[in-house]
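Student: So here's coords.txt, just compact mmCIF, C-alpha atoms:
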# COMPACT_ATOMS: atom_id res chain seq x y z
CA MET A 14 -52.01 -20.83 9.13
CA THR A 15 -53.34 -24.01 7.53
CA LYS A 16 -56.55 -25.68 8.64
CA GLU A 17 -54.73 -28.53 10.33
CA ASP A 18 -52.66 -26.07 12.38
CA ASP A 19 -55.67 -24.54 14.12
CA PHE A 20 -55.55 -27.02 17.01
CA LEU A 21 -52.33 -25.33 18.09
CA ASP A 22 -54.46 -22.40 19.22
CA ASP A 23 -56.94 -24.51 21.14
CA ASP A 24 -56.47 -22.87 24.52
CA PHE A 25 -59.64 -24.42 25.92
CA LEU A 26 -58.40 -27.99 25.45
CA ARG A 27 -54.85 -27.04 26.43
CA ASP A 28 -56.05 -25.57 29.73
CA LEU A 29 -58.29 -28.53 30.50
CA ILE A 30 -55.61 -31.12 29.77
CA ARG A 31 -52.85 -29.20 31.53
CA HIS A 32 -54.76 -29.38 34.79
CA THR A 33 -55.24 -33.14 34.71
CA PRO A 34 -52.65 -35.01 36.78
CA LEU A 35 -49.98 -37.16 35.14
CA ASP A 36 -49.61 -40.79 36.16
CA SER A 37 -46.89 -41.12 38.76
CA PRO A 38 -44.72 -44.11 39.66
CA SER A 39 -44.51 -45.61 43.15
CA ASP A 40 -43.00 -43.63 46.05
CA GLY A 41 -39.61 -45.32 46.08
CA PHE A 42 -39.08 -44.88 42.34
CA THR A 43 -36.41 -42.14 42.45
CA ASP A 44 -34.59 -43.62 45.44
CA GLY A 45 -34.60 -47.04 43.76
CA ILE A 46 -32.83 -45.59 40.72
CA MET A 47 -30.27 -43.71 42.80
CA GLU A 48 -29.58 -46.83 44.85
CA LYS A 49 -28.96 -48.87 41.70
CA ILE A 50 -26.71 -46.13 40.31
CA GLN A 51 -24.59 -46.03 43.46
CA LEU A 52 -24.51 -49.80 44.01
CA SER A 53 -23.94 -51.03 40.49
CA PRO A 54 -20.21 -51.68 39.95
CA GLY A 55 -20.60 -51.11 36.23
CA THR A 56 -22.13 -47.72 36.76
CA THR A 57 -19.35 -45.24 37.10
CA VAL A 58 -19.66 -41.51 37.35
CA ALA A 59 -20.06 -40.26 33.85
CA ARG A 60 -17.20 -38.02 32.85
CA LYS A 61 -16.39 -36.49 29.54
CA PRO A 62 -13.75 -38.60 27.79
CA PHE A 63 -10.27 -37.13 27.61
CA PHE A 64 -10.23 -36.83 23.85
CA VAL A 65 -13.24 -34.44 23.96
CA PHE A 66 -11.10 -31.97 25.89
CA LEU A 67 -8.18 -32.72 23.60
CA LYS A 68 -10.30 -32.08 20.51
CA ALA A 69 -11.73 -28.87 21.92
CA SER A 70 -8.28 -27.52 22.77
CA VAL A 71 -6.76 -28.02 19.28
CA PRO A 72 -7.78 -24.61 17.82
CA PHE A 73 -6.50 -22.81 20.93
CA VAL A 74 -3.18 -24.65 20.83
CA ILE A 75 -2.74 -23.79 17.14
CA LEU A 76 -3.61 -20.14 17.80
CA ALA A 77 -1.17 -19.99 20.71
CA LEU A 78 1.62 -21.51 18.59
CA VAL A 79 1.00 -19.09 15.71
CA LEU A 80 0.99 -16.11 18.09
CA LEU A 81 4.19 -17.35 19.72
CA PHE A 82 5.88 -17.76 16.35
CA VAL A 83 4.79 -14.32 15.10
CA THR A 84 5.88 -12.51 18.24
CA ALA A 85 9.12 -14.45 18.59
CA THR A 86 10.20 -13.82 15.00
CA SER A 87 9.12 -10.18 14.74
CA ASP A 88 11.64 -7.36 15.17
CA LEU A 89 9.12 -4.82 16.40
CA PRO A 90 10.61 -2.60 19.16
CA ILE A 91 7.69 -3.40 21.42
CA PHE A 92 8.90 -7.00 21.52
CA ASN A 93 12.50 -6.14 22.30
CA TRP A 94 12.33 -8.12 25.49
CA LEU A 95 11.41 -11.20 23.45
CA PRO A 96 13.96 -13.19 21.46
CA GLY A 97 13.94 -11.82 17.92
CA MET A 98 14.55 -13.36 14.50
CA GLU A 99 18.31 -13.09 15.03
CA ASP A 100 18.10 -15.15 18.18
CA PHE A 101 15.82 -17.62 16.42
CA THR A 102 18.28 -18.15 13.52
CA ASN A 103 21.47 -17.99 15.59
CA ASN A 104 20.47 -20.06 18.61
CA PHE A 105 17.22 -21.96 18.12
CA LEU A 106 17.82 -23.35 14.63
CA PRO A 107 21.34 -24.75 15.37
CA ASP A 108 20.03 -26.33 18.59
CA PHE A 109 17.08 -27.80 16.71
CA GLY A 110 19.49 -29.14 14.08
CA ASN A 111 21.61 -30.78 16.79
CA MET A 112 18.50 -32.36 18.26
CA VAL A 113 17.52 -33.79 14.87
CA ILE A 114 21.05 -35.23 14.47
CA LEU A 115 20.82 -36.82 17.91
CA LEU A 116 17.48 -38.37 17.03
CA LYS A 117 18.89 -39.68 13.76
CA ASN A 118 21.72 -41.31 15.67
CA ALA A 119 19.24 -42.87 18.08
CA PHE A 120 17.31 -44.40 15.19
CA ALA A 121 20.52 -45.92 13.89
CA SER A 122 19.96 -48.64 16.50
CA LYS A 123 17.37 -51.18 15.33
CA PHE A 124 16.27 -51.92 18.90
CA ILE A 125 15.23 -48.31 19.48
CA SER A 126 13.57 -48.16 16.04
CA TRP A 127 11.51 -51.30 16.70
CA GLY A 128 10.61 -50.16 20.22
CA LEU A 129 9.42 -46.79 19.01
CA LEU A 130 7.53 -48.31 16.10
CA ILE A 131 5.65 -50.72 18.41
CA SER A 132 4.90 -47.98 20.98
CA PHE A 133 3.66 -45.62 18.30
CA SER A 134 1.42 -48.30 16.71
CA ALA A 135 -0.01 -49.32 20.10
CA GLY A 136 -0.74 -45.69 20.98
CA ALA A 137 -2.39 -45.05 17.61
CA LEU A 138 -4.59 -48.15 17.97
CA PHE A 139 -5.56 -47.18 21.52
CA PHE A 140 -6.74 -43.69 20.51
CA LEU A 141 -8.47 -45.01 17.38
CA ASP A 142 -10.36 -47.51 19.54
CA ARG A 143 -11.45 -44.78 21.96
CA ILE A 144 -12.73 -42.63 19.14
CA LEU A 145 -14.57 -45.45 17.36
CA THR A 146 -16.21 -46.86 20.50
CA ARG A 147 -17.64 -43.46 21.49
CA ARG A 148 -21.26 -44.34 20.67
CA SER A 149 -24.50 -43.90 22.54
CA VAL A 150 -25.93 -47.02 24.10
CA PHE A 151 -29.15 -46.19 22.26
CA GLY A 152 -27.61 -45.44 18.90
CA LEU A 153 -28.87 -41.85 19.02
CA MET C 24 -40.92 -27.68 43.36
CA LYS C 25 -39.08 -25.41 40.95
CA TYR C 26 -36.44 -27.18 38.89
CA GLN C 27 -33.44 -25.75 37.09
CA ASP C 28 -32.78 -26.24 33.40
CA ASP C 29 -31.84 -29.84 32.51
CA ASN C 30 -28.36 -28.81 31.35
CA PHE C 31 -27.58 -27.47 34.81
CA TYR C 32 -28.05 -30.93 36.35
CA ILE C 33 -26.33 -32.68 33.43
CA ASP C 34 -23.19 -30.55 33.83
CA ARG C 35 -23.13 -31.31 37.55
CA VAL C 36 -23.50 -35.06 36.97
CA LEU C 37 -20.75 -34.97 34.33
CA GLY C 38 -18.61 -33.07 36.82
CA GLY C 39 -18.91 -35.99 39.26
CA ASP C 40 -21.95 -34.97 41.36
CA VAL C 41 -24.02 -38.15 41.02
CA LEU C 42 -26.74 -36.86 43.34
CA ALA C 43 -27.64 -34.14 40.83
CA TYR C 44 -29.12 -36.94 38.73
CA LYS C 45 -31.77 -37.40 41.41
CA MET C 46 -33.17 -33.99 40.48
CA LEU C 47 -33.31 -34.95 36.81
CA VAL C 48 -35.18 -38.15 37.69
CA ALA C 49 -37.60 -36.29 39.96
CA LYS C 50 -38.24 -33.69 37.27
CA HIS C 51 -39.03 -36.15 34.48
CA LYS C 52 -40.24 -39.29 36.25
CA ASN C 53 -43.98 -38.63 35.89
CA LEU C 54 -43.90 -38.02 32.17
CA VAL C 55 -41.43 -40.85 31.57
CA PHE C 56 -43.67 -43.19 33.55
CA SER C 57 -46.80 -41.89 31.77
CA ILE C 58 -45.24 -42.53 28.34
CA ALA C 59 -44.35 -46.09 29.31
CA LEU C 60 -47.75 -46.69 30.93
CA LYS C 61 -49.74 -45.42 27.95
CA ILE C 62 -47.87 -47.83 25.70
CA LEU C 63 -47.64 -50.83 28.01
CA ASN C 64 -50.95 -50.53 29.90
CA ASN C 65 -49.40 -52.13 32.96
CA ARG C 66 -48.04 -50.19 35.93
CA GLU C 67 -45.37 -52.72 36.91
CA ASP C 68 -43.99 -53.05 33.39
CA ALA C 69 -44.10 -49.28 32.93
CA GLU C 70 -42.18 -48.71 36.15
CA GLU C 71 -39.59 -51.31 35.18
CA VAL C 72 -39.08 -49.76 31.73
CA ALA C 73 -38.92 -46.24 33.20
CA GLN C 74 -36.33 -47.25 35.80
CA ASP C 75 -34.28 -49.12 33.25
CA CYS C 76 -34.29 -46.12 30.95
CA PHE C 77 -33.18 -43.73 33.68
CA LEU C 78 -30.26 -46.05 34.48
CA LYS C 79 -29.24 -46.36 30.83
CA VAL C 80 -29.53 -42.62 30.34
CA PHE C 81 -27.25 -42.06 33.34
CA GLN C 82 -24.65 -44.37 31.86
CA ALA C 83 -24.92 -42.73 28.46
CA LEU C 84 -25.11 -39.16 29.72
CA LYS C 85 -21.56 -38.40 28.64
CA THR C 86 -22.56 -39.07 25.04
CA PHE C 87 -25.43 -36.56 25.14
CA GLU C 88 -24.19 -33.65 23.07
CA LYS C 89 -26.92 -31.10 23.86
CA LYS C 90 -27.78 -30.70 20.20
CA SER C 91 -31.37 -31.58 21.04
CA LYS C 92 -33.33 -31.15 24.25
CA PHE C 93 -32.51 -33.66 26.98
CA SER C 94 -36.23 -34.30 27.52
CA THR C 95 -36.71 -35.19 23.83
CA TRP C 96 -33.77 -37.60 24.01
CA LEU C 97 -35.06 -39.17 27.22
CA TYR C 98 -38.68 -39.50 26.03
CA ARG C 99 -37.52 -41.03 22.76
CA ILE C 100 -35.51 -43.64 24.65
CA VAL C 101 -38.50 -44.50 26.86
CA TYR C 102 -40.86 -44.57 23.89
CA ASN C 103 -38.57 -46.97 21.99
CA ALA C 104 -37.99 -49.15 25.06
CA ALA C 105 -41.74 -49.43 25.73
CA ILE C 106 -42.47 -50.18 22.08
CA SER C 107 -39.77 -52.88 22.11
CA LYS C 108 -41.25 -54.37 25.26
CA THR C 109 -44.68 -54.77 23.72
CA ARG C 110 -43.26 -55.71 20.34
CA LYS C 111 -46.03 -53.52 19.14
CA LYS C 112 -46.09 -52.07 15.67
CA ARG C 113 -45.31 -48.38 15.45
CA PRO C 114 -48.37 -46.21 14.88
CA GLU C 115 -49.54 -46.39 11.31
CA LEU C 116 -48.78 -43.39 9.20
CA VAL C 117 -51.86 -41.56 8.05
CA PRO C 118 -51.57 -39.68 4.78
CA MET C 119 -52.28 -36.11 5.82
CA ASP C 120 -53.70 -34.54 2.70
CA SER C 121 -56.41 -37.09 2.07
CA TYR C 122 -57.36 -37.16 5.72
CA ILE C 123 -57.65 -33.39 6.06
CA ILE C 124 -59.58 -33.01 2.82
CA ASP C 125 -62.01 -35.83 3.59
CA ASN C 126 -62.59 -35.27 7.27
CA TYR C 127 -62.01 -31.66 8.13
CA THR C 128 -64.94 -29.98 9.83
CA GLU C 129 -64.93 -26.94 12.02
CA THR C 130 -65.33 -27.88 15.65
CA GLU C 131 -68.12 -25.99 17.29
CA PRO C 132 -67.09 -24.35 20.55
CA LEU C 133 -68.66 -26.02 23.57
CA LYS C 134 -71.34 -23.79 25.00
CA GLY C 135 -72.17 -23.08 28.65
CA LEU C 136 -68.80 -24.24 29.96
CA GLU C 137 -68.44 -21.44 32.43
CA SER C 138 -71.40 -22.80 34.42
CA ILE C 139 -69.67 -26.16 35.01
CA ASP C 140 -67.46 -26.58 38.05
CA PRO C 141 -63.73 -26.71 37.12
CA GLU C 142 -63.31 -29.97 39.05
CA GLU C 143 -66.12 -31.50 37.02
CA GLN C 144 -64.52 -30.19 33.82
CA LYS C 145 -61.29 -31.90 34.87
CA ALA C 146 -63.09 -35.18 35.56
CA MET C 147 -64.77 -34.98 32.15
CA ILE C 148 -61.52 -34.48 30.25
CA GLU C 149 -59.96 -37.37 32.20
CA ARG C 150 -62.88 -39.60 31.22
CA ALA C 151 -62.64 -38.45 27.59
CA MET C 152 -58.90 -39.11 27.53
CA GLU C 153 -59.37 -42.59 28.99
CA ARG C 154 -61.48 -43.45 25.97
CA LEU C 155 -58.61 -42.67 23.59
CA SER C 156 -56.19 -45.37 22.52
CA GLY C 157 -52.81 -45.52 24.29
CA ASP C 158 -50.99 -43.97 21.31
CA ASP C 159 -53.49 -41.13 20.99
CA ASN C 160 -53.40 -40.53 24.72
CA LEU C 161 -49.62 -40.36 24.57
CA LEU C 162 -49.60 -37.84 21.72
CA ILE C 163 -52.09 -35.57 23.42
CA THR C 164 -50.13 -35.76 26.68
CA LEU C 165 -46.86 -34.93 24.95
CA PHE C 166 -48.41 -32.02 23.07
CA TYR C 167 -50.78 -30.38 25.52
CA LYS C 168 -49.47 -31.49 28.87
CA SER C 169 -45.71 -31.45 28.60
CA GLU C 170 -45.84 -28.83 25.85
CA ASN C 171 -43.53 -30.52 23.40
CA SER C 172 -43.43 -29.01 19.93
CA ILE C 173 -44.61 -30.92 16.87
CA GLU C 174 -40.93 -31.36 15.95
CA ASP C 175 -40.09 -32.78 19.38
CA ILE C 176 -43.01 -35.24 19.18
CA SER C 177 -41.86 -36.23 15.72
CA ASN C 178 -38.37 -36.94 17.11
CA ILE C 179 -39.74 -38.90 20.06
CA THR C 180 -42.21 -41.08 18.19
CA GLY C 181 -40.53 -41.37 14.79
CA LEU C 182 -43.69 -40.11 13.06
CA THR C 183 -43.31 -37.38 10.46
CA MET C 184 -44.30 -33.87 11.52
CA SER C 185 -47.24 -33.93 9.09
CA ASN C 186 -48.50 -37.13 10.63
CA VAL C 187 -48.17 -35.79 14.16
CA LYS C 188 -50.30 -32.81 13.12
CA VAL C 189 -52.90 -35.02 11.49
CA ARG C 190 -53.13 -37.35 14.45
CA LEU C 191 -53.39 -34.48 16.94
CA HIS C 192 -56.06 -32.89 14.81
CA ARG C 193 -58.03 -36.14 14.76
CA ILE C 194 -57.60 -36.70 18.50
CA ARG C 195 -58.74 -33.17 19.27
CA LYS C 196 -61.85 -33.74 17.20
CA ARG C 197 -62.54 -37.02 19.03
CA LEU C 198 -62.07 -35.36 22.40
CA TYR C 199 -64.63 -32.70 21.48
CA GLU C 200 -67.02 -35.42 20.35
CA GLU C 201 -66.59 -37.17 23.72
CA LEU C 202 -66.83 -33.98 25.75
CA ALA C 203 -69.90 -32.47 24.08
CA PRO C 204 -72.50 -34.96 25.43
CA MET C 205 -70.89 -34.98 28.89
CA MET C 206 -71.08 -31.22 29.07
CA ASP C 207 -74.66 -31.17 27.75
CA LYS C 208 -75.65 -33.57 30.52
CA ALA C 209 -73.88 -31.49 33.17
CA ILE C 210 -75.50 -28.27 31.95
CA ASN C 211 -78.95 -29.91 31.86
CA ARG C 212 -78.45 -31.08 35.45
CA LEU C 213 -77.67 -27.52 36.50
CA ASN C 214 -80.73 -26.15 34.75
Show me this structure written as structure tokens.
Tutor:
Amino acid sequence: MTKEDDFLDDDFLRDLIRHTPLDSPSDGFTDGIMEKIQLSPGTTVARKPFFVFLKASVPFVILALVLLFVTATSDLPIFNWLPGMEDFTNNFLPDFGNMVILLKNAFASKFISWGLLISFSAGALFFLDRILTRRSVFGL
Amino acid sequence: MKYQDDNFYIDRVLGGDVLAYKMLVAKHKNLVFSIALKILNNREDAEEVAQDCFLKVFQALKTFEKKSKFSTWLYRIVYNAAISKTRKKRPELVPMDSYIIDNYTETEPLKGLESIDPEEQKAMIERAMERLSGDDNLLITLFYKSENSIEDISNITGLTMSNVKVRLHRIRKRLYEELAPMMDKAINRLN
């Protein structure tokens, strides 16, 4: 312990000061704050923003998808009740291919392409704005 | 009244229970008000700053990430708000090494304390603390009274940890200097 640290062990002063009363605000202090909180239209109940939950759930979603893929594509007898690799290649992949073809056809129309492009850009800007404006009022 | 941990109330407020914030205010109001008062030296201004800070903290509660203690965050906000209100300069930084080397002396323990009435002891320390500057009074309150660590005080005030230690050391020495004659007088009266 250095010399300047010795005041940390000053129990005498600590005890004396601990027993002195703190200054306290007026009687209606707490109620005044609660009244302002409940009356102020700008003061809404603080809730965690949606993207915080979204961000927190990403690892779990990835884990669930990986587990689903592994179990669905394995041919272990224990998973016989689950669709196996054969089912995946014979049924899922052709269906997925058909879906991609349908989407390609949809994008052949310029109206749908423009609509989707605008919607996607607007959505991206909205989420970017929410992420960037998530700052403390006090800059802490 | 026994209060729960701050995070308990914060989670309830974030879950939509606005009234849980009342408990947080009740728990911290005295120290928040004391911080503001020691800086502003005016009860009305201190109460205004304290109320304003509690409102802002409520609105910003969702951004509090629990990486630090809620109390440290709150006290820092009040400290900064009070400093802004006075437009006062932040406490000057004292170079620790030179101060300790030049001024360090062992403090002699105060003798005959046990014979003095505890209430009188309390009155003496209050008088001694009143003679300190607002900044010094604040530091001693944060350290001894609300039991903040040196690191917490450093975060609240923006002083380095070394400087907090130096200032507390100096304040402690001053308090002993103030207390010694008061206690001598009281002991002489008893004898």
Student: Up to 6 Å from chain A, what residues of chain C turn up? Count only C-alpha atoms and give them as a PyMOL selection string.
Tutor: chain C and resi 37+39+53+57+85-86+167-168
Student: Could you please determine the separation between atom CA of C:Lys50 and atom CA of C:Val187 in Å, to one decimal place?
Tutor: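 Distance between the two atoms: 25.2 Å.
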Student: Calculate how many Å separate atom CA of C:Ser156 from atom CA of C:Lys188, rounding to one decimal.
Tutor: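 Separating atom CA of C:Ser156 from atom CA of C:Lys188 is a distance of 16.8 Å.
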Student: Go through C:Ala105, C:Ser91, C:Leu47, C:Thr180 one by one, measure the shortest atom-to-atom distance of each to C:Ala73 using all atoms listed in the file, and give the residue with the smallest value.
Tutor: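 Comparing C:Ala105, C:Ser91, C:Leu47, C:Thr180 against C:Ala73, the winner is C:Ala105.
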Student: Identify, on the basis of only C-alpha atoms, every residue whose closest approach to A:Phe101 does not exceed 12 Å; exclude the query and any residue fewer than 4 positions from it along the same chain; express the result as a short mmCIF file (atom, residue, chain, number, x, y, z; two decimals) with C-alpha atoms, in the frame of the given file.
Tutor:
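Generated file (result_38.cif):
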data_model
loop_
_atom_site.label_atom_id
_atom_site.label_comp_id
_atom_site.auth_asym_id
_atom_site.auth_seq_id
_atom_site.Cartn_x
_atom_site.Cartn_y
_atom_site.Cartn_z
CA PHE A 82 5.88 -17.76 16.35
CA VAL A 83 4.79 -14.32 15.10
CA THR A 84 5.88 -12.51 18.24
CA ALA A 85 9.12 -14.45 18.59
CA THR A 86 10.20 -13.82 15.00
CA SER A 87 9.12 -10.18 14.74
CA ASP A 88 11.64 -7.36 15.17
CA LEU A 95 11.41 -11.20 23.45
CA PRO A 96 13.96 -13.19 21.46
CA GLY A 97 13.94 -11.82 17.92
CA PHE A 105 17.22 -21.96 18.12
CA LEU A 106 17.82 -23.35 14.63
CA PRO A 107 21.34 -24.75 15.37
CA ASP A 108 20.03 -26.33 18.59
CA PHE A 109 17.08 -27.80 16.71
#
Student: Just to confirm, what's the straight-line distance from atom CA of C:Leu162 to atom CA of C:Phe87 in Å (one decimal)?
Tutor: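 Atom CA of C:Phe87 lies 24.4 Å from atom CA of C:Leu162.
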Student: Pick the closest to A:Leu67 from A:Phe140, A:Phe124, A:Glu48, A:Met98: which is it, counting all atoms listed in the file?
Tutor: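 Checking each of A:Phe140, A:Phe124, A:Glu48, A:Met98 against A:Leu67, counting all atoms listed in the file, the winner is A:Phe140.
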Student: Is there a way to get, as a PDB file with C-alpha atoms, in the coordinates of the input, all residues within 9 Å of the point (-43.9, -47.7, 29.9) in file coordinates, counting all atoms listed in the file?
Tutor:
ATOM      1  CA  VAL C  55     -41.430 -40.850  31.570  1.00  0.00           C
ATOM      2  CA  PHE C  56     -43.670 -43.190  33.550  1.00  0.00           C
ATOM      3  CA  SER C  57     -46.800 -41.890  31.770  1.00  0.00           C
ATOM      4  CA  ILE C  58     -45.240 -42.530  28.340  1.00  0.00           C
ATOM      5  CA  ALA C  59     -44.350 -46.090  29.310  1.00  0.00           C
ATOM      6  CA  LEU C  60     -47.750 -46.690  30.930  1.00  0.00           C
ATOM      7  CA  LYS C  61     -49.740 -45.420  27.950  1.00  0.00           C
ATOM      8  CA  ILE C  62     -47.870 -47.830  25.700  1.00  0.00           C
ATOM      9  CA  LEU C  63     -47.640 -50.830  28.010  1.00  0.00           C
ATOM     10  CA  ASN C  64     -50.950 -50.530  29.900  1.00  0.00           C
ATOM     11  CA  ASN C  65     -49.400 -52.130  32.960  1.00  0.00           C
ATOM     12  CA  ARG C  66     -48.040 -50.190  35.930  1.00  0.00           C
ATOM     13  CA  GLU C  67     -45.370 -52.720  36.910  1.00  0.00           C
ATOM     14  CA  ASP C  68     -43.990 -53.050  33.390  1.00  0.00           C
ATOM     15  CA  ALA C  69     -44.100 -49.280  32.930  1.00  0.00           C
ATOM     16  CA  GLU C  70     -42.180 -48.710  36.150  1.00  0.00           C
ATOM     17  CA  GLU C  71     -39.590 -51.310  35.180  1.00  0.00           C
ATOM     18  CA  VAL C  72     -39.080 -49.760  31.730  1.00  0.00           C
ATOM     19  CA  ALA C  73     -38.920 -46.240  33.200  1.00  0.00           C
ATOM     20  CA  VAL C 101     -38.500 -44.500  26.860  1.00  0.00           C
ATOM     21  CA  TYR C 102     -40.860 -44.570  23.890  1.00  0.00           C
ATOM     22  CA  ALA C 104     -37.990 -49.150  25.060  1.00  0.00           C
ATOM     23  CA  ALA C 105     -41.740 -49.430  25.730  1.00  0.00           C
ATOM     24  CA  ILE C 106     -42.470 -50.180  22.080  1.00  0.00           C
ATOM     25  CA  LYS C 108     -41.250 -54.370  25.260  1.00  0.00           C
TER      26      LYS C 108
END
Student: When you count all atoms listed in the file, which of these residues is closest to C:Met152: C:Leu198, C:Asn186, C:Thr109, C:Ile173?
Tutor: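 Result for the nearest residue to C:Met152: C:Leu198.
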